[in-house]
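Everything below belongs to upload.tsv, which stores TSV, C-alpha atoms.
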```tsv
chain	number	residue	atom	x	y	z
A	1	MET	CA	2.46	-15.82	5.42
A	2	LEU	CA	0.38	-12.86	6.60
A	3	ALA	CA	-1.62	-10.81	4.08
A	4	PHE	CA	-3.36	-7.54	4.97
A	5	PHE	CA	-5.87	-6.48	2.33
A	6	THR	CA	-8.66	-4.08	1.49
A	7	ILE	CA	-11.15	-4.28	-1.38
A	8	ALA	CA	-13.48	-1.38	-2.17
A	9	PRO	CA	-15.61	-0.23	-5.09
A	10	THR	CA	-14.44	3.03	-6.69
A	11	GLY	CA	-17.32	5.39	-7.33
A	12	ALA	CA	-19.79	3.66	-5.01
A	13	ASP	CA	-21.82	5.66	-2.58
A	14	ASP	CA	-20.88	5.67	1.06
A	15	HIS	CA	-22.37	2.41	2.26
A	16	LEU	CA	-19.20	0.38	2.14
A	17	SER	CA	-20.15	-1.64	5.20
A	18	ASP	CA	-22.62	-3.68	3.11
A	19	TYR	CA	-19.78	-4.81	0.86
A	20	VAL	CA	-17.44	-5.42	3.79
A	21	ALA	CA	-20.03	-7.63	5.47
A	22	GLN	CA	-20.38	-9.78	2.34
A	23	MET	CA	-16.63	-10.27	2.14
A	24	LEU	CA	-16.28	-11.09	5.81
A	25	ASP	CA	-18.75	-13.86	5.30
A	26	LEU	CA	-16.42	-15.38	2.64
A	27	ILE	CA	-13.37	-14.84	4.83
A	28	ASP	CA	-15.02	-16.39	7.87
A	29	LYS	CA	-16.07	-19.48	5.92
A	30	SER	CA	-12.58	-19.95	4.40
A	31	GLY	CA	-11.31	-21.59	7.58
A	32	LEU	CA	-8.16	-19.43	7.53
A	33	ASP	CA	-7.08	-17.63	10.67
A	34	TYR	CA	-7.91	-13.92	10.30
A	35	GLN	CA	-8.14	-10.63	12.13
A	36	PHE	CA	-10.54	-7.88	11.14
A	37	GLY	CA	-9.44	-4.25	11.62
A	38	PRO	CA	-10.72	-0.74	10.93
A	39	MET	CA	-8.50	-0.34	7.84
A	40	GLY	CA	-8.35	-3.90	6.49
A	41	THR	CA	-8.34	-7.58	7.25
A	42	THR	CA	-5.27	-9.74	7.94
A	43	VAL	CA	-5.35	-13.45	7.04
A	44	GLU	CA	-2.74	-16.13	7.66
A	45	GLY	CA	-2.06	-19.10	5.39
A	46	GLU	CA	-0.04	-20.38	2.46
A	47	TRP	CA	0.21	-18.26	-0.73
A	48	ASP	CA	-2.28	-20.31	-2.76
A	49	GLU	CA	-5.03	-20.48	-0.14
A	50	VAL	CA	-4.67	-16.82	0.87
A	51	MET	CA	-4.62	-15.54	-2.71
A	52	ASP	CA	-7.56	-17.78	-3.65
A	53	LEU	CA	-9.58	-16.21	-0.84
A	54	ILE	CA	-8.61	-12.66	-1.86
A	55	ALA	CA	-9.48	-13.49	-5.51
A	56	ARG	CA	-12.95	-14.65	-4.46
A	57	CYS	CA	-13.48	-11.45	-2.43
A	58	HIS	CA	-12.29	-9.26	-5.31
A	59	LYS	CA	-14.48	-11.05	-7.85
A	60	LEU	CA	-17.51	-10.80	-5.55
A	61	MET	CA	-17.01	-7.04	-5.57
A	62	ALA	CA	-16.21	-6.79	-9.29
A	63	GLY	CA	-19.54	-8.51	-9.97
A	64	GLN	CA	-21.38	-5.64	-8.26
A	65	ALA	CA	-19.31	-2.53	-9.03
A	66	ALA	CA	-17.92	-1.14	-12.29
A	67	ARG	CA	-14.55	-0.36	-10.74
A	68	VAL	CA	-12.79	-1.97	-7.79
A	69	GLY	CA	-9.63	-0.93	-5.93
A	70	THR	CA	-7.79	-3.65	-4.03
A	71	THR	CA	-4.59	-3.43	-1.99
A	72	ILE	CA	-2.65	-6.39	-0.61
A	73	LYS	CA	0.37	-6.24	1.72
A	74	ILE	CA	2.14	-9.55	2.33
A	75	ASP	CA	4.74	-10.55	4.93
A	76	ASP	CA	5.96	-14.05	4.03
A	77	HIS	CA	8.34	-15.41	6.65
A	78	VAL	CA	9.27	-18.79	5.21
A	79	GLY	CA	8.62	-21.69	7.59
A	80	ARG	CA	6.86	-19.63	10.24
A	81	SER	CA	3.22	-19.86	11.24
A	82	GLY	CA	1.06	-18.73	14.17
A	83	ARG	CA	2.25	-15.18	13.53
A	84	LEU	CA	-1.17	-13.52	13.57
A	85	ALA	CA	-1.01	-13.54	17.37
A	86	GLY	CA	2.73	-14.19	17.71
A	87	LYS	CA	4.03	-10.92	16.22
A	88	MET	CA	1.98	-8.91	18.67
A	89	GLN	CA	2.93	-11.00	21.69
A	90	SER	CA	6.60	-10.54	20.79
A	91	VAL	CA	6.24	-6.73	20.81
A	92	GLU	CA	4.14	-6.76	23.98
A	93	LYS	CA	6.81	-8.84	25.68
A	94	LYS	CA	9.48	-6.27	24.78
A	95	LEU	CA	7.30	-3.41	25.98
A	96	GLY	CA	6.32	-5.22	29.16
A	97	ARG	CA	2.62	-4.47	28.75
A	98	GLU	CA	-0.44	-5.30	26.67
A	99	LEU	CA	-1.43	-3.10	23.70
A	100	ARG	CA	-4.90	-2.16	22.51
A	101	LYS	CA	-5.99	-4.40	19.59
B	102	MET	CA	-7.12	-4.51	-14.65
B	103	LEU	CA	-3.94	-2.68	-13.65
B	104	ALA	CA	-1.77	-4.01	-10.82
B	105	PHE	CA	1.16	-2.08	-9.35
B	106	PHE	CA	3.42	-4.28	-7.24
B	107	THR	CA	6.72	-4.50	-5.39
B	108	ILE	CA	8.43	-7.59	-4.02
B	109	ALA	CA	11.50	-7.31	-1.79
B	110	PRO	CA	13.38	-9.51	0.65
B	111	THR	CA	13.24	-8.33	4.27
B	112	GLY	CA	16.63	-8.48	5.92
B	113	ALA	CA	18.64	-8.70	2.70
B	114	ASP	CA	21.63	-6.51	2.17
B	115	ASP	CA	21.38	-3.53	-0.11
B	116	HIS	CA	21.76	-5.16	-3.52
B	117	LEU	CA	18.10	-5.27	-4.37
B	118	SER	CA	18.74	-4.57	-8.04
B	119	ASP	CA	19.90	-8.19	-8.54
B	120	TYR	CA	16.52	-9.43	-7.36
B	121	VAL	CA	14.64	-6.82	-9.36
B	122	ALA	CA	16.47	-7.85	-12.53
B	123	GLN	CA	15.49	-11.51	-12.02
B	124	MET	CA	11.84	-10.57	-11.64
B	125	LEU	CA	11.82	-8.27	-14.62
B	126	ASP	CA	12.99	-11.17	-16.70
B	127	LEU	CA	9.88	-13.15	-15.61
B	128	ILE	CA	7.64	-10.12	-16.20
B	129	ASP	CA	9.08	-9.44	-19.62
B	130	LYS	CA	8.60	-13.05	-20.72
B	131	SER	CA	4.97	-13.14	-19.47
B	132	GLY	CA	3.75	-11.36	-22.57
B	133	LEU	CA	1.63	-8.97	-20.44
B	134	ASP	CA	1.83	-5.25	-21.07
B	135	TYR	CA	3.88	-3.63	-18.29
B	136	GLN	CA	5.60	-0.48	-17.18
B	137	PHE	CA	8.64	-0.44	-14.92
B	138	GLY	CA	9.03	2.44	-12.44
B	139	PRO	CA	11.38	3.54	-9.64
B	140	MET	CA	8.97	2.36	-6.91
B	141	GLY	CA	7.32	-0.66	-8.56
B	142	THR	CA	6.08	-2.28	-11.73
B	143	THR	CA	2.60	-1.92	-13.23
B	144	VAL	CA	1.17	-4.78	-15.32
B	145	GLU	CA	-2.10	-4.94	-17.25
B	146	GLY	CA	-4.19	-8.08	-17.76
B	147	GLU	CA	-6.99	-10.21	-16.37
B	148	TRP	CA	-6.97	-11.18	-12.67
B	149	ASP	CA	-5.78	-14.76	-13.19
B	150	GLU	CA	-2.90	-13.99	-15.54
B	151	VAL	CA	-1.71	-10.98	-13.50
B	152	MET	CA	-1.88	-12.78	-10.16
B	153	ASP	CA	-0.17	-15.86	-11.64
B	154	LEU	CA	2.74	-13.64	-12.73
B	155	ILE	CA	2.96	-11.95	-9.32
B	156	ALA	CA	2.85	-15.38	-7.62
B	157	ARG	CA	5.78	-16.56	-9.74
B	158	CYS	CA	7.77	-13.41	-8.87
B	159	HIS	CA	7.00	-13.77	-5.17
B	160	LYS	CA	7.93	-17.46	-5.11
B	161	LEU	CA	11.18	-16.76	-6.99
B	162	MET	CA	12.10	-14.36	-4.18
B	163	ALA	CA	10.83	-16.63	-1.36
B	164	GLY	CA	13.14	-19.36	-2.71
B	165	GLN	CA	16.16	-17.10	-2.09
B	166	ALA	CA	15.29	-15.08	1.01
B	167	ALA	CA	13.97	-16.10	4.44
B	168	ARG	CA	11.44	-13.28	4.53
B	169	VAL	CA	9.73	-11.47	1.68
B	170	GLY	CA	7.53	-8.36	1.71
B	171	THR	CA	5.15	-7.91	-1.23
B	172	THR	CA	2.63	-5.13	-1.90
B	173	ILE	CA	0.00	-5.16	-4.65
B	174	LYS	CA	-2.32	-2.29	-5.59
B	175	ILE	CA	-5.05	-3.15	-8.10
B	176	ASP	CA	-7.37	-0.91	-10.14
B	177	ASP	CA	-9.90	-3.17	-11.86
B	178	HIS	CA	-12.15	-1.21	-14.21
B	179	VAL	CA	-14.47	-3.90	-15.54
B	180	GLY	CA	-14.54	-4.13	-19.33
B	181	ARG	CA	-11.72	-1.65	-19.91
B	182	SER	CA	-8.31	-2.40	-21.36
B	183	GLY	CA	-5.44	-0.41	-22.85
B	184	ARG	CA	-5.36	1.66	-19.68
B	185	LEU	CA	-1.60	1.41	-19.08
B	186	ALA	CA	-1.11	4.21	-21.60
B	187	GLY	CA	-4.72	5.43	-21.69
B	188	LYS	CA	-4.97	6.75	-18.11
B	189	MET	CA	-1.95	8.95	-18.64
B	190	GLN	CA	-3.10	10.24	-22.02
B	191	SER	CA	-6.44	11.20	-20.47
B	192	VAL	CA	-4.72	13.33	-17.81
B	193	GLU	CA	-2.29	14.83	-20.30
B	194	LYS	CA	-5.20	15.82	-22.51
B	195	LYS	CA	-6.86	17.63	-19.60
B	196	LEU	CA	-3.62	19.39	-18.71
B	197	GLY	CA	-2.86	20.26	-22.31
B	198	ARG	CA	0.73	19.05	-22.12
B	199	GLU	CA	2.89	15.94	-21.82
B	200	LEU	CA	4.10	14.75	-18.40
B	201	ARG	CA	7.42	13.19	-17.50
B	202	LYS	CA	7.12	9.36	-17.29
C	203	MET	CA	13.76	9.80	-0.36
C	204	LEU	CA	11.29	8.53	-2.96
C	205	ALA	CA	7.54	8.62	-2.24
C	206	PHE	CA	4.95	6.95	-4.48
C	207	PHE	CA	1.42	8.14	-3.71
C	208	THR	CA	-2.18	8.10	-4.86
C	209	ILE	CA	-5.04	10.30	-3.66
C	210	ALA	CA	-8.62	9.59	-4.70
C	211	PRO	CA	-12.10	10.52	-3.54
C	212	THR	CA	-14.16	7.59	-2.20
C	213	GLY	CA	-17.67	7.63	-3.56
C	214	ALA	CA	-16.99	10.01	-6.44
C	215	ASP	CA	-18.21	9.21	-9.90
C	216	ASP	CA	-15.81	7.99	-12.50
C	217	HIS	CA	-14.17	11.20	-13.65
C	218	LEU	CA	-11.05	10.87	-11.56
C	219	SER	CA	-8.89	12.43	-14.24
C	220	ASP	CA	-10.24	15.90	-13.34
C	221	TYR	CA	-8.94	15.48	-9.81
C	222	VAL	CA	-5.65	13.99	-10.97
C	223	ALA	CA	-5.08	16.95	-13.30
C	224	GLN	CA	-5.58	19.42	-10.42
C	225	MET	CA	-3.05	17.58	-8.28
C	226	LEU	CA	-0.50	17.31	-11.04
C	227	ASP	CA	-0.62	21.06	-11.33
C	228	LEU	CA	0.39	21.34	-7.64
C	229	ILE	CA	3.07	18.67	-8.05
C	230	ASP	CA	4.50	20.29	-11.15
C	231	LYS	CA	4.73	23.70	-9.46
C	232	SER	CA	6.41	22.24	-6.33
C	233	GLY	CA	9.79	22.18	-8.06
C	234	LEU	CA	10.41	18.60	-6.84
C	235	ASP	CA	11.59	15.97	-9.28
C	236	TYR	CA	8.67	13.66	-10.08
C	237	GLN	CA	7.45	10.89	-12.34
C	238	PHE	CA	3.81	10.36	-13.24
C	239	GLY	CA	2.55	6.80	-13.76
C	240	PRO	CA	-0.70	4.97	-14.48
C	241	MET	CA	-1.12	3.89	-10.83
C	242	GLY	CA	0.41	6.84	-8.95
C	243	THR	CA	3.04	9.56	-8.90
C	244	THR	CA	6.58	9.24	-7.52
C	245	VAL	CA	8.30	12.35	-6.12
C	246	GLU	CA	11.85	12.74	-4.83
C	247	GLY	CA	12.92	15.07	-2.02
C	248	GLU	CA	13.45	15.40	1.72
C	249	TRP	CA	10.73	14.20	4.13
C	250	ASP	CA	9.40	17.66	4.98
C	251	GLU	CA	9.11	18.95	1.40
C	252	VAL	CA	7.64	15.71	0.06
C	253	MET	CA	5.09	15.37	2.86
C	254	ASP	CA	4.14	19.06	2.60
C	255	LEU	CA	3.36	18.51	-1.09
C	256	ILE	CA	1.32	15.37	-0.39
C	257	ALA	CA	-0.56	17.23	2.39
C	258	ARG	CA	-1.49	20.01	-0.03
C	259	CYS	CA	-2.71	17.46	-2.62
C	260	HIS	CA	-4.74	15.57	0.00
C	261	LYS	CA	-6.31	18.77	1.39
C	262	LEU	CA	-7.17	19.97	-2.14
C	263	MET	CA	-9.14	16.74	-2.56
C	264	ALA	CA	-10.67	16.77	0.94
C	265	GLY	CA	-12.02	20.25	0.16
C	266	GLN	CA	-14.02	18.79	-2.75
C	267	ALA	CA	-15.01	15.28	-1.63
C	268	ALA	CA	-16.62	13.97	1.55
C	269	ARG	CA	-14.23	11.05	1.79
C	270	VAL	CA	-10.68	10.69	0.50
C	271	GLY	CA	-8.42	7.64	0.33
C	272	THR	CA	-4.67	8.28	0.15
C	273	THR	CA	-1.80	5.79	0.01
C	274	ILE	CA	1.88	6.65	0.38
C	275	LYS	CA	4.84	4.29	-0.09
C	276	ILE	CA	8.24	5.69	0.91
C	277	ASP	CA	11.77	4.42	0.20
C	278	ASP	CA	14.17	6.58	2.23
C	279	HIS	CA	17.79	5.71	1.46
C	280	VAL	CA	19.66	8.06	3.78
C	281	GLY	CA	22.19	10.26	2.00
C	282	ARG	CA	21.19	9.22	-1.51
C	283	SER	CA	19.58	11.42	-4.14
C	284	GLY	CA	19.04	11.27	-7.91
C	285	ARG	CA	17.33	7.91	-7.42
C	286	LEU	CA	14.24	8.68	-9.51
C	287	ALA	CA	16.26	7.88	-12.62
C	288	GLY	CA	19.13	6.08	-10.91
C	289	LYS	CA	17.24	3.03	-9.60
C	290	MET	CA	15.98	2.26	-13.08
C	291	GLN	CA	19.36	2.74	-14.76
C	292	SER	CA	20.90	0.35	-12.23
C	293	VAL	CA	18.40	-2.39	-13.14
C	294	GLU	CA	18.70	-1.71	-16.87
C	295	LYS	CA	22.47	-2.01	-16.57
C	296	LYS	CA	22.12	-5.45	-14.94
C	297	LEU	CA	19.65	-6.59	-17.59
C	298	GLY	CA	21.75	-5.20	-20.42
C	299	ARG	CA	18.80	-3.47	-22.08
C	300	GLU	CA	16.34	-0.61	-21.70
C	301	LEU	CA	12.92	-1.17	-20.12
C	302	ARG	CA	9.61	0.41	-21.04
C	303	LYS	CA	8.81	3.35	-18.69
D	304	MET	CA	-9.11	10.51	9.61
D	305	LEU	CA	-7.72	6.99	10.03
D	306	ALA	CA	-4.14	6.19	8.99
D	307	PHE	CA	-2.74	2.66	8.84
D	308	PHE	CA	1.05	2.62	8.62
D	309	THR	CA	4.14	0.46	8.76
D	310	ILE	CA	7.77	1.58	9.07
D	311	ALA	CA	10.62	-0.91	8.67
D	312	PRO	CA	14.35	-0.78	7.98
D	313	THR	CA	15.37	-2.29	4.62
D	314	GLY	CA	18.39	-4.53	4.96
D	315	ALA	CA	18.16	-4.95	8.74
D	316	ASP	CA	18.45	-8.34	10.30
D	317	ASP	CA	15.35	-10.07	11.52
D	318	HIS	CA	14.83	-8.42	14.89
D	319	LEU	CA	12.19	-5.97	13.79
D	320	SER	CA	10.34	-6.21	17.08
D	321	ASP	CA	12.97	-4.00	18.76
D	322	TYR	CA	12.21	-1.23	16.29
D	323	VAL	CA	8.46	-1.74	16.55
D	324	ALA	CA	8.63	-1.46	20.33
D	325	GLN	CA	10.47	1.88	20.11
D	326	MET	CA	7.84	3.27	17.75
D	327	LEU	CA	4.94	2.04	19.84
D	328	ASP	CA	6.36	3.99	22.74
D	329	LEU	CA	6.15	7.19	20.61
D	330	ILE	CA	2.66	6.30	19.39
D	331	ASP	CA	1.41	5.53	22.89
D	332	LYS	CA	2.73	8.85	24.25
D	333	SER	CA	1.17	10.86	21.38
D	334	GLY	CA	-2.23	10.80	23.05
D	335	LEU	CA	-3.90	9.80	19.75
D	336	ASP	CA	-6.33	6.91	19.68
D	337	TYR	CA	-4.62	3.90	18.07
D	338	GLN	CA	-4.91	0.21	17.39
D	339	PHE	CA	-1.90	-2.06	17.01
D	340	GLY	CA	-2.13	-5.00	14.59
D	341	PRO	CA	0.07	-7.79	13.20
D	342	MET	CA	0.67	-5.94	9.90
D	343	GLY	CA	0.64	-2.29	11.03
D	344	THR	CA	-0.77	0.30	13.38
D	345	THR	CA	-3.91	2.40	12.83
D	346	VAL	CA	-4.13	5.87	14.42
D	347	GLU	CA	-7.02	8.31	14.42
D	348	GLY	CA	-6.70	12.12	14.39
D	349	GLU	CA	-6.45	15.20	12.20
D	350	TRP	CA	-4.00	15.25	9.26
D	351	ASP	CA	-1.36	17.40	10.98
D	352	GLU	CA	-1.22	15.49	14.26
D	353	VAL	CA	-1.28	12.06	12.58
D	354	MET	CA	1.39	12.96	10.02
D	355	ASP	CA	3.57	14.59	12.70
D	356	LEU	CA	3.48	11.33	14.67
D	357	ILE	CA	4.32	9.24	11.59
D	358	ALA	CA	7.17	11.66	10.74
D	359	ARG	CA	8.64	11.21	14.23
D	360	CYS	CA	8.41	7.40	13.92
D	361	HIS	CA	10.02	7.45	10.45
D	362	LYS	CA	12.84	9.75	11.57
D	363	LEU	CA	13.49	7.60	14.66
D	364	MET	CA	14.04	4.67	12.30
D	365	ALA	CA	16.04	6.66	9.71
D	366	GLY	CA	18.42	7.65	12.53
D	367	GLN	CA	19.26	3.95	13.10
D	368	ALA	CA	19.06	2.34	9.65
D	369	ALA	CA	20.58	3.28	6.30
D	370	ARG	CA	17.36	2.61	4.42
D	371	VAL	CA	13.77	2.75	5.62
D	372	GLY	CA	10.55	1.64	3.90
D	373	THR	CA	7.32	3.27	5.11
D	374	THR	CA	3.76	2.76	3.89
D	375	ILE	CA	0.75	4.87	4.88
D	376	LYS	CA	-2.89	4.22	3.98
D	377	ILE	CA	-5.33	7.00	4.88
D	378	ASP	CA	-9.15	7.03	5.02
D	379	ASP	CA	-10.23	10.64	5.61
D	380	HIS	CA	-13.98	10.90	6.09
D	381	VAL	CA	-14.45	14.63	6.53
D	382	GLY	CA	-16.27	15.56	9.75
D	383	ARG	CA	-16.32	12.05	11.20
D	384	SER	CA	-14.48	10.86	14.28
D	385	GLY	CA	-14.66	7.86	16.62
D	386	ARG	CA	-14.24	5.60	13.59
D	387	LEU	CA	-11.46	3.43	15.03
D	388	ALA	CA	-14.12	1.45	16.88
D	389	GLY	CA	-17.14	2.67	14.92
D	390	LYS	CA	-16.28	1.14	11.53
D	391	MET	CA	-16.00	-2.28	13.07
D	392	GLN	CA	-19.19	-1.99	15.12
D	393	SER	CA	-21.05	-1.01	11.94
D	394	VAL	CA	-19.91	-4.19	10.16
D	395	GLU	CA	-20.56	-6.36	13.21
D	396	LYS	CA	-24.08	-4.96	13.41
D	397	LYS	CA	-24.73	-5.92	9.77
D	398	LEU	CA	-23.33	-9.40	10.32
D	399	GLY	CA	-25.20	-9.87	13.58
D	400	ARG	CA	-22.14	-11.13	15.44
D	401	GLU	CA	-18.78	-10.07	16.86
D	402	LEU	CA	-15.61	-10.51	14.83
D	403	ARG	CA	-12.15	-11.45	16.02
D	404	LYS	CA	-9.94	-8.32	16.44
```
Write-out of the structure in structure tokens:
Amino acid sequence: MLAFFTIAPTGADDHLSDYVAQMLDLIDKSGLDYQFGPMGTTVEGEWDEVMDLIARCHKLMAGQAARVGTTIKIDDHVGRSGRLAGKMQSVEKKLGRELRK
Amino acid sequence: MLAFFTIAPTGADDHLSDYVAQMLDLIDKSGLDYQFGPMGTTVEGEWDEVMDLIARCHKLMAGQAARVGTTIKIDDHVGRSGRLAGKMQSVEKKLGRELRK
Amino acid sequence: MLAFFTIAPTGADDHLSDYVAQMLDLIDKSGLDYQFGPMGTTVEGEWDEVMDLIARCHKLMAGQAARVGTTIKIDDHVGRSGRLAGKMQSVEKKLGRELRK
Amino acid sequence: MLAFFTIAPTGADDHLSDYVAQMLDLIDKSGLDYQFGPMGTTVEGEWDEVMDLIARCHKLMAGQAARVGTTIKIDDHVGRSGRLAGKMQSVEKKLGRELRK
């Protein structure tokens, strides 16, 4: 499945990029395939491994901030994998050109 | 923490209320405090118990549909509980009147 | 259509209920059918009237905070109305009992 | 502001990439800066121009499907622009390396 997620402290000052960098370190070391974007990170894997990673990211933040807002958006296409790149290639093929990523 | 979530099959026909009813049965039996709404359900509890419940709901759906879309929105205010009712009472107090729920 | 939305300042201190109360005043005066919940507000109406209301709420906040995070989740069932109450009654009917709202 | 959004028919069969391709054509012609990802598209612009584009995408879909689900996640940092690339460069700088996009 694919999971797009964001985790941010509520009430923190503006320097969110410090927190994001800490989480990306966890994500990078998880071994899961991922894609980092301006509004969130998308990871690919089975439910348990993806949700375990998101739990570790959330708890890292909740250990440093009094209040944390987390959103998760999941697309679970049973039996399919390799979709992190595959979904985009499928649309690019239909359009007949490459898209900015 | 509070978690608002929706789980729906992608590509199913229109009878989503059958699926919703099955999930509400799981939610109701979980023992967690919850509130059912027209666009999703909000549950209150600790990370592990809330995410375990959402995992069971998601897997129930993924066992019946080829593709499942799930969204989760979490507000984790460390050390606070009783917020399912409390957040609304706080706003109603400021407004000086009751709001439709 | 139904639209569930939340609007919150990023980097504000904890007193979000002041902001929420200001927005509920706008929502209440809009004349649209709505339901207030612990994790967001659901309004019912046509695209243009719903999005105009959400724009006014967002701009109210952006006039007071340097950074604003807004999420909107829309369920547009073409030709249907009265769904704010109707979706829940349909599920309650299947379950054979009333649910906490 | 940055807006991440997804628009999908509820109850359609699996060929979502046809719909996505139609919307990307609208997005591409809008002249707004955007980034296409496996779980949604991020556009950058002022509230009115971004929401006008999302409205046109939603209505394109609602003209072809009986039921449409749309989610929008906005990060409005007043007075800032060029954030589509800038947010990621800021995190990469902190980490001291490039991330997969």
If we draw a sphere of 12 Å around (-18.8, -1.0, 16.2), which residues have at least one atom in it when counting all atoms listed in the file? Please report them as a list in words. Ser17, Phe36, Gly37 and Pro38 of chain A; Gly385, Arg386, Leu387, Ala388, Gly389, Lys390, Met391, Gln392, Ser393, Val394, Glu395, Lys396, Lys397, Leu398, Gly399, Arg400, Glu401, Leu402 and Lys404 of chain D
Would you compute the distance between CA of Ile175 (chain B) and CA of Ser81 (chain A)? Give it in Å to one decimal.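 The value is 26.9 Å.
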What would you get as a tab-separated table (two decimals) with C-alpha atoms, in the frame of the given file if chain D were moved onto chain A by least squares over all of its C-alpha atoms in order?
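Wrote it out as result.tsv, contents follow:
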```tsv
chain	number	residue	atom	x	y	z
D	304	MET	CA	2.47	-15.82	5.42
D	305	LEU	CA	0.38	-12.86	6.59
D	306	ALA	CA	-1.63	-10.80	4.09
D	307	PHE	CA	-3.35	-7.53	4.96
D	308	PHE	CA	-5.88	-6.48	2.33
D	309	THR	CA	-8.66	-4.07	1.49
D	310	ILE	CA	-11.16	-4.28	-1.38
D	311	ALA	CA	-13.48	-1.37	-2.16
D	312	PRO	CA	-15.62	-0.23	-5.08
D	313	THR	CA	-14.44	3.04	-6.69
D	314	GLY	CA	-17.32	5.39	-7.34
D	315	ALA	CA	-19.79	3.65	-5.01
D	316	ASP	CA	-21.84	5.64	-2.59
D	317	ASP	CA	-20.88	5.65	1.04
D	318	HIS	CA	-22.39	2.39	2.24
D	319	LEU	CA	-19.21	0.37	2.13
D	320	SER	CA	-20.17	-1.64	5.19
D	321	ASP	CA	-22.63	-3.70	3.12
D	322	TYR	CA	-19.78	-4.81	0.87
D	323	VAL	CA	-17.44	-5.43	3.79
D	324	ALA	CA	-20.02	-7.63	5.47
D	325	GLN	CA	-20.38	-9.79	2.34
D	326	MET	CA	-16.62	-10.28	2.14
D	327	LEU	CA	-16.27	-11.09	5.82
D	328	ASP	CA	-18.76	-13.88	5.32
D	329	LEU	CA	-16.43	-15.39	2.65
D	330	ILE	CA	-13.36	-14.84	4.83
D	331	ASP	CA	-15.01	-16.38	7.88
D	332	LYS	CA	-16.07	-19.49	5.92
D	333	SER	CA	-12.57	-19.96	4.41
D	334	GLY	CA	-11.31	-21.61	7.58
D	335	LEU	CA	-8.16	-19.43	7.54
D	336	ASP	CA	-7.08	-17.62	10.67
D	337	TYR	CA	-7.92	-13.91	10.31
D	338	GLN	CA	-8.13	-10.63	12.13
D	339	PHE	CA	-10.53	-7.87	11.13
D	340	GLY	CA	-9.44	-4.24	11.61
D	341	PRO	CA	-10.72	-0.72	10.92
D	342	MET	CA	-8.49	-0.31	7.83
D	343	GLY	CA	-8.37	-3.88	6.48
D	344	THR	CA	-8.34	-7.57	7.24
D	345	THR	CA	-5.26	-9.73	7.94
D	346	VAL	CA	-5.35	-13.45	7.05
D	347	GLU	CA	-2.74	-16.11	7.68
D	348	GLY	CA	-2.05	-19.11	5.41
D	349	GLU	CA	-0.03	-20.38	2.46
D	350	TRP	CA	0.22	-18.26	-0.72
D	351	ASP	CA	-2.28	-20.30	-2.75
D	352	GLU	CA	-5.03	-20.47	-0.13
D	353	VAL	CA	-4.67	-16.81	0.88
D	354	MET	CA	-4.62	-15.53	-2.71
D	355	ASP	CA	-7.56	-17.77	-3.66
D	356	LEU	CA	-9.59	-16.20	-0.84
D	357	ILE	CA	-8.61	-12.66	-1.87
D	358	ALA	CA	-9.48	-13.49	-5.51
D	359	ARG	CA	-12.96	-14.65	-4.46
D	360	CYS	CA	-13.48	-11.44	-2.42
D	361	HIS	CA	-12.28	-9.25	-5.32
D	362	LYS	CA	-14.47	-11.04	-7.86
D	363	LEU	CA	-17.51	-10.80	-5.55
D	364	MET	CA	-17.01	-7.03	-5.57
D	365	ALA	CA	-16.21	-6.78	-9.31
D	366	GLY	CA	-19.54	-8.53	-9.98
D	367	GLN	CA	-21.39	-5.63	-8.27
D	368	ALA	CA	-19.31	-2.53	-9.05
D	369	ALA	CA	-17.92	-1.14	-12.29
D	370	ARG	CA	-14.55	-0.36	-10.75
D	371	VAL	CA	-12.79	-1.96	-7.80
D	372	GLY	CA	-9.64	-0.91	-5.93
D	373	THR	CA	-7.79	-3.64	-4.02
D	374	THR	CA	-4.59	-3.42	-1.99
D	375	ILE	CA	-2.63	-6.38	-0.60
D	376	LYS	CA	0.38	-6.23	1.73
D	377	ILE	CA	2.15	-9.55	2.33
D	378	ASP	CA	4.75	-10.55	4.95
D	379	ASP	CA	5.97	-14.05	4.04
D	380	HIS	CA	8.35	-15.41	6.66
D	381	VAL	CA	9.26	-18.78	5.21
D	382	GLY	CA	8.61	-21.69	7.59
D	383	ARG	CA	6.84	-19.63	10.24
D	384	SER	CA	3.20	-19.87	11.24
D	385	GLY	CA	1.05	-18.73	14.17
D	386	ARG	CA	2.25	-15.18	13.54
D	387	LEU	CA	-1.18	-13.53	13.58
D	388	ALA	CA	-1.01	-13.54	17.37
D	389	GLY	CA	2.71	-14.20	17.73
D	390	LYS	CA	4.02	-10.94	16.23
D	391	MET	CA	1.98	-8.93	18.66
D	392	GLN	CA	2.92	-11.02	21.70
D	393	SER	CA	6.59	-10.55	20.78
D	394	VAL	CA	6.23	-6.75	20.81
D	395	GLU	CA	4.14	-6.77	23.97
D	396	LYS	CA	6.81	-8.85	25.68
D	397	LYS	CA	9.48	-6.28	24.76
D	398	LEU	CA	7.31	-3.42	25.97
D	399	GLY	CA	6.33	-5.23	29.15
D	400	ARG	CA	2.63	-4.47	28.73
D	401	GLU	CA	-0.44	-5.30	26.65
D	402	LEU	CA	-1.41	-3.10	23.71
D	403	ARG	CA	-4.87	-2.15	22.51
D	404	LYS	CA	-5.97	-4.39	19.57
```
Among listed residues A:Asp76, A:Phe5, A:Asp25, A:Ala55, nearest Gly343 (chain D) (using only C-alpha atoms):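 Nearest to Gly343 (chain D): A:Phe5.
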Which residues, protein or nucleic acid, reach to within 9 Å of (3.8, 19.2, -7.2) in the file's coordinates when using only C-alpha atoms, and can you give that as an MDAnalysis selection string? chainID C and resid 225:236 245 252 255:256 258:259
Just the number, please: distance in Å from CA of Val20 (chain A) to CA of Met61 (chain A), one decimal.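 Computing the Euclidean distance for CA of Val20 (chain A) and CA of Met61 (chain A) yields 9.5 Å.
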